[in-house]
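Student: Quick one: this structure, given as structure tokens, is what I'll be asking you about.
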Amino acid sequence: MRPEATPINIGRAARASGVSAKMVRHYESLGLLGEVARTDSGYRQYRAADVHTLRFIRRARELGFSMAEIAELVSLWHDRGRASADVKHIAQRHLAELEQRIAALQDMRRTLDDLLCHCHGDARPDCPILDELAAGSSRPERA
């Protein structure tokens, strides 16, 4: 049997993929790994393809894709008849969401920077930061 075809246990699969054993079990429970072989005593046995899938999932998580998006991407990755347009659509949608979050973070940064500029930060009790937090925002919340 070739070394890469030898099944490995969850600990080795976790180390080889850079994913914790707990997350390996979680991804398996979500169906992202497909059917994982088990020994007669019930221990999981992972193949090289499973480790490759775990690395794929880890990289997708690093890019901020949701678990639902990752499930779609894994499915498309395994589908050799896929249209790359389907993959691109998921990535474009994710990028648009990231851009919205970045804009919201930049808005928060500007607000905090403005508040810090107006706060004397001395022994006086008046504080524009606390005043702003107490007053709430006059801007509507973003959905």
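Quick note on naming: the chains in the structure tokens go A, B, ... in the order shown, residues restart at 1 in each chain, and ligands are numbered from 1 in order of appearance.
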Mind checking which residues fall within 9 Å of region 57-68 of chain A, counting only C-alpha atoms, ignoring those fewer than 4 positions away in the same chain, and posting them as a list in words?
Tutor: Ser17, Gly18, Val19, Tyr27, Leu30, Leu32, His52, Thr53, Glu72, Leu73, Val74, Ala91, His94 and Leu98 of chain A
Student: Give me, as a PDB file with N, CA and C atoms, in the first residue's frame, the residues of chain A that a backbone DSSP run labels strand (DSSP E).
Tutor:
```pdb
ATOM      1  N   ALA A  37     -14.178   6.777   6.830  1.00  0.00           N
ATOM      2  CA  ALA A  37     -14.072   5.373   7.222  1.00  0.00           C
ATOM      3  C   ALA A  37     -13.788   5.260   8.718  1.00  0.00           C
ATOM      4  N   ARG A  38     -14.197   4.136   9.285  1.00  0.00           N
ATOM      5  CA  ARG A  38     -13.948   3.876  10.709  1.00  0.00           C
ATOM      6  C   ARG A  38     -13.392   2.460  10.866  1.00  0.00           C
ATOM      7  N   ARG A  44     -11.999   6.991  13.691  1.00  0.00           N
ATOM      8  CA  ARG A  44     -12.032   7.579  12.351  1.00  0.00           C
ATOM      9  C   ARG A  44     -10.711   7.315  11.633  1.00  0.00           C
ATOM     10  N   GLN A  45     -10.811   7.088  10.330  1.00  0.00           N
ATOM     11  CA  GLN A  45      -9.643   6.872   9.481  1.00  0.00           C
ATOM     12  C   GLN A  45      -9.738   7.817   8.289  1.00  0.00           C
TER      13      GLN A  45
END
```
Student: Quote the spacing between CA of Leu105 (chain A) and CA of His89 (chain A) in Å to one decimal place.
Tutor: 24.4 Å
Student: So, with only C-alpha atoms as the atoms that count, which of A:Arg110, A:Arg55, A:Arg101, A:His120 lies closest to Leu33 (chain A)?
Tutor: A:Arg55
Student: Tell me which protein, DNA and RNA residues are within 6 Å of Val51 (chain A), counting only C-alpha atoms, leaving out same-chain ones fewer than 3 positions away, and put them as number ranges by chain.
Tutor: A: 13, 17, 48, 54
Student: Take CA of Ala21 (chain A) and CA of Asn9 (chain A) and report the distance between them in Å, one decimal.
Tutor: 9.9 Å
Student: Just give me the gap between CA of Ala104 (chain A) and CA of Glu69 (chain A) in Å, one decimal is fine.
Tutor: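 Separation between CA of Ala104 (chain A) and CA of Glu69 (chain A): 21.9 Å.
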Student: Running DSSP on the backbone, which parts of chain A land in helix (DSSP H, G or I), as JSON, numbers by chain?
Tutor: {"A": [3, 4, 5, 10, 11, 12, 13, 14, 15, 16, 17, 21, 22, 23, 24, 25, 26, 27, 28, 29, 48, 49, 50, 51, 52, 53, 54, 55, 56, 57, 58, 59, 60, 61, 62, 67, 68, 69, 70, 71, 72, 73, 74, 75, 76, 77, 78, 84, 85, 86, 87, 88, 89, 90, 91, 92, 93, 94, 95, 96, 97, 98, 99, 100, 101, 102, 103, 104, 105, 106, 107, 108, 109, 110, 111, 112, 113, 114, 115, 116, 117, 118, 128, 129, 130, 131, 132, 133, 134, 135]}
Student: Let's have the selection written as a CSV table (one decimal), in the first residue's frame, with C-alpha atoms.
Tutor:
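Listing of out_34.csv after writing:
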```
chain,number,residue,atom,x,y,z
A,3,PRO,CA,2.1,5.7,2.1
A,4,GLU,CA,-0.3,8.4,0.9
A,5,ALA,CA,-3.1,5.8,0.6
A,10,ILE,CA,-7.8,12.2,13.6
A,11,GLY,CA,-4.8,13.6,15.4
A,12,ARG,CA,-2.5,13.1,12.4
A,13,ALA,CA,-5.2,14.4,10.0
A,14,ALA,CA,-5.6,17.5,12.2
A,15,ARG,CA,-1.8,18.1,12.3
A,16,ALA,CA,-1.4,17.5,8.6
A,17,SER,CA,-4.2,19.9,7.7
A,21,ALA,CA,-9.3,17.6,15.9
A,22,LYS,CA,-12.5,19.3,17.4
A,23,MET,CA,-13.0,21.2,14.1
A,24,VAL,CA,-12.3,18.1,12.0
A,25,ARG,CA,-15.2,16.4,13.9
A,26,HIS,CA,-17.3,19.5,13.4
A,27,TYR,CA,-16.6,19.6,9.6
A,28,GLU,CA,-17.4,15.9,9.4
A,29,SER,CA,-20.7,16.5,11.3
A,48,ALA,CA,-5.1,12.0,1.9
A,49,ALA,CA,-8.2,13.4,0.1
A,50,ASP,CA,-9.8,14.2,3.4
A,51,VAL,CA,-6.7,16.0,4.6
A,52,HIS,CA,-6.7,18.0,1.3
A,53,THR,CA,-10.4,18.9,1.9
A,54,LEU,CA,-9.6,20.0,5.4
A,55,ARG,CA,-6.8,22.3,4.1
A,56,PHE,CA,-9.3,23.7,1.6
A,57,ILE,CA,-11.8,24.4,4.4
A,58,ARG,CA,-9.1,26.0,6.5
A,59,ARG,CA,-8.1,28.3,3.7
A,60,ALA,CA,-11.7,29.2,3.0
A,61,ARG,CA,-12.2,30.0,6.7
A,62,GLU,CA,-9.0,32.2,6.6
A,67,MET,CA,-19.8,27.6,6.7
A,68,ALA,CA,-22.7,27.7,4.2
A,69,GLU,CA,-20.4,29.3,1.5
A,70,ILE,CA,-17.7,26.7,2.3
A,71,ALA,CA,-20.2,23.9,1.9
A,72,GLU,CA,-21.1,25.3,-1.5
A,73,LEU,CA,-17.4,25.7,-2.5
A,74,VAL,CA,-16.5,22.2,-1.4
A,75,SER,CA,-19.4,20.8,-3.4
A,76,LEU,CA,-18.3,22.8,-6.5
A,77,TRP,CA,-14.7,21.8,-6.0
A,78,HIS,CA,-15.6,18.1,-6.1
A,84,SER,CA,-16.5,28.5,-12.7
A,85,ALA,CA,-19.2,31.3,-12.9
A,86,ASP,CA,-20.9,29.6,-9.9
A,87,VAL,CA,-17.7,29.8,-7.9
A,88,LYS,CA,-17.0,33.4,-9.0
A,89,HIS,CA,-20.6,34.4,-7.9
A,90,ILE,CA,-20.0,33.0,-4.4
A,91,ALA,CA,-16.6,34.9,-4.2
A,92,GLN,CA,-18.1,38.1,-5.5
A,93,ARG,CA,-21.0,38.0,-3.0
A,94,HIS,CA,-18.5,37.4,-0.2
A,95,LEU,CA,-16.3,40.3,-1.4
A,96,ALA,CA,-19.4,42.6,-1.4
A,97,GLU,CA,-20.1,41.5,2.2
A,98,LEU,CA,-16.5,42.1,3.2
A,99,GLU,CA,-16.6,45.6,1.7
A,100,GLN,CA,-19.8,46.4,3.7
A,101,ARG,CA,-18.1,45.3,6.9
A,102,ILE,CA,-15.0,47.3,6.1
A,103,ALA,CA,-17.1,50.4,5.4
A,104,ALA,CA,-18.8,49.9,8.8
A,105,LEU,CA,-15.5,49.5,10.6
A,106,GLN,CA,-14.1,52.6,8.9
A,107,ASP,CA,-17.2,54.5,10.0
A,108,MET,CA,-16.7,53.3,13.6
A,109,ARG,CA,-13.0,54.3,13.4
A,110,ARG,CA,-13.9,57.8,12.1
A,111,THR,CA,-16.4,58.2,14.9
A,112,LEU,CA,-14.1,57.1,17.6
A,113,ASP,CA,-11.2,59.2,16.2
A,114,ASP,CA,-13.5,62.3,16.3
A,115,LEU,CA,-14.6,61.5,19.9
A,116,LEU,CA,-11.0,61.1,21.0
A,117,CYS,CA,-10.1,64.4,19.4
A,118,HIS,CA,-12.8,66.1,21.4
A,128,PRO,CA,-17.7,63.7,25.0
A,129,ILE,CA,-17.1,60.0,24.6
A,130,LEU,CA,-19.4,59.1,27.5
A,131,ASP,CA,-21.9,61.8,26.3
A,132,GLU,CA,-22.0,60.3,22.8
A,133,LEU,CA,-22.5,56.8,24.2
A,134,ALA,CA,-25.3,58.0,26.5
A,135,ALA,CA,-27.0,59.9,23.8
```
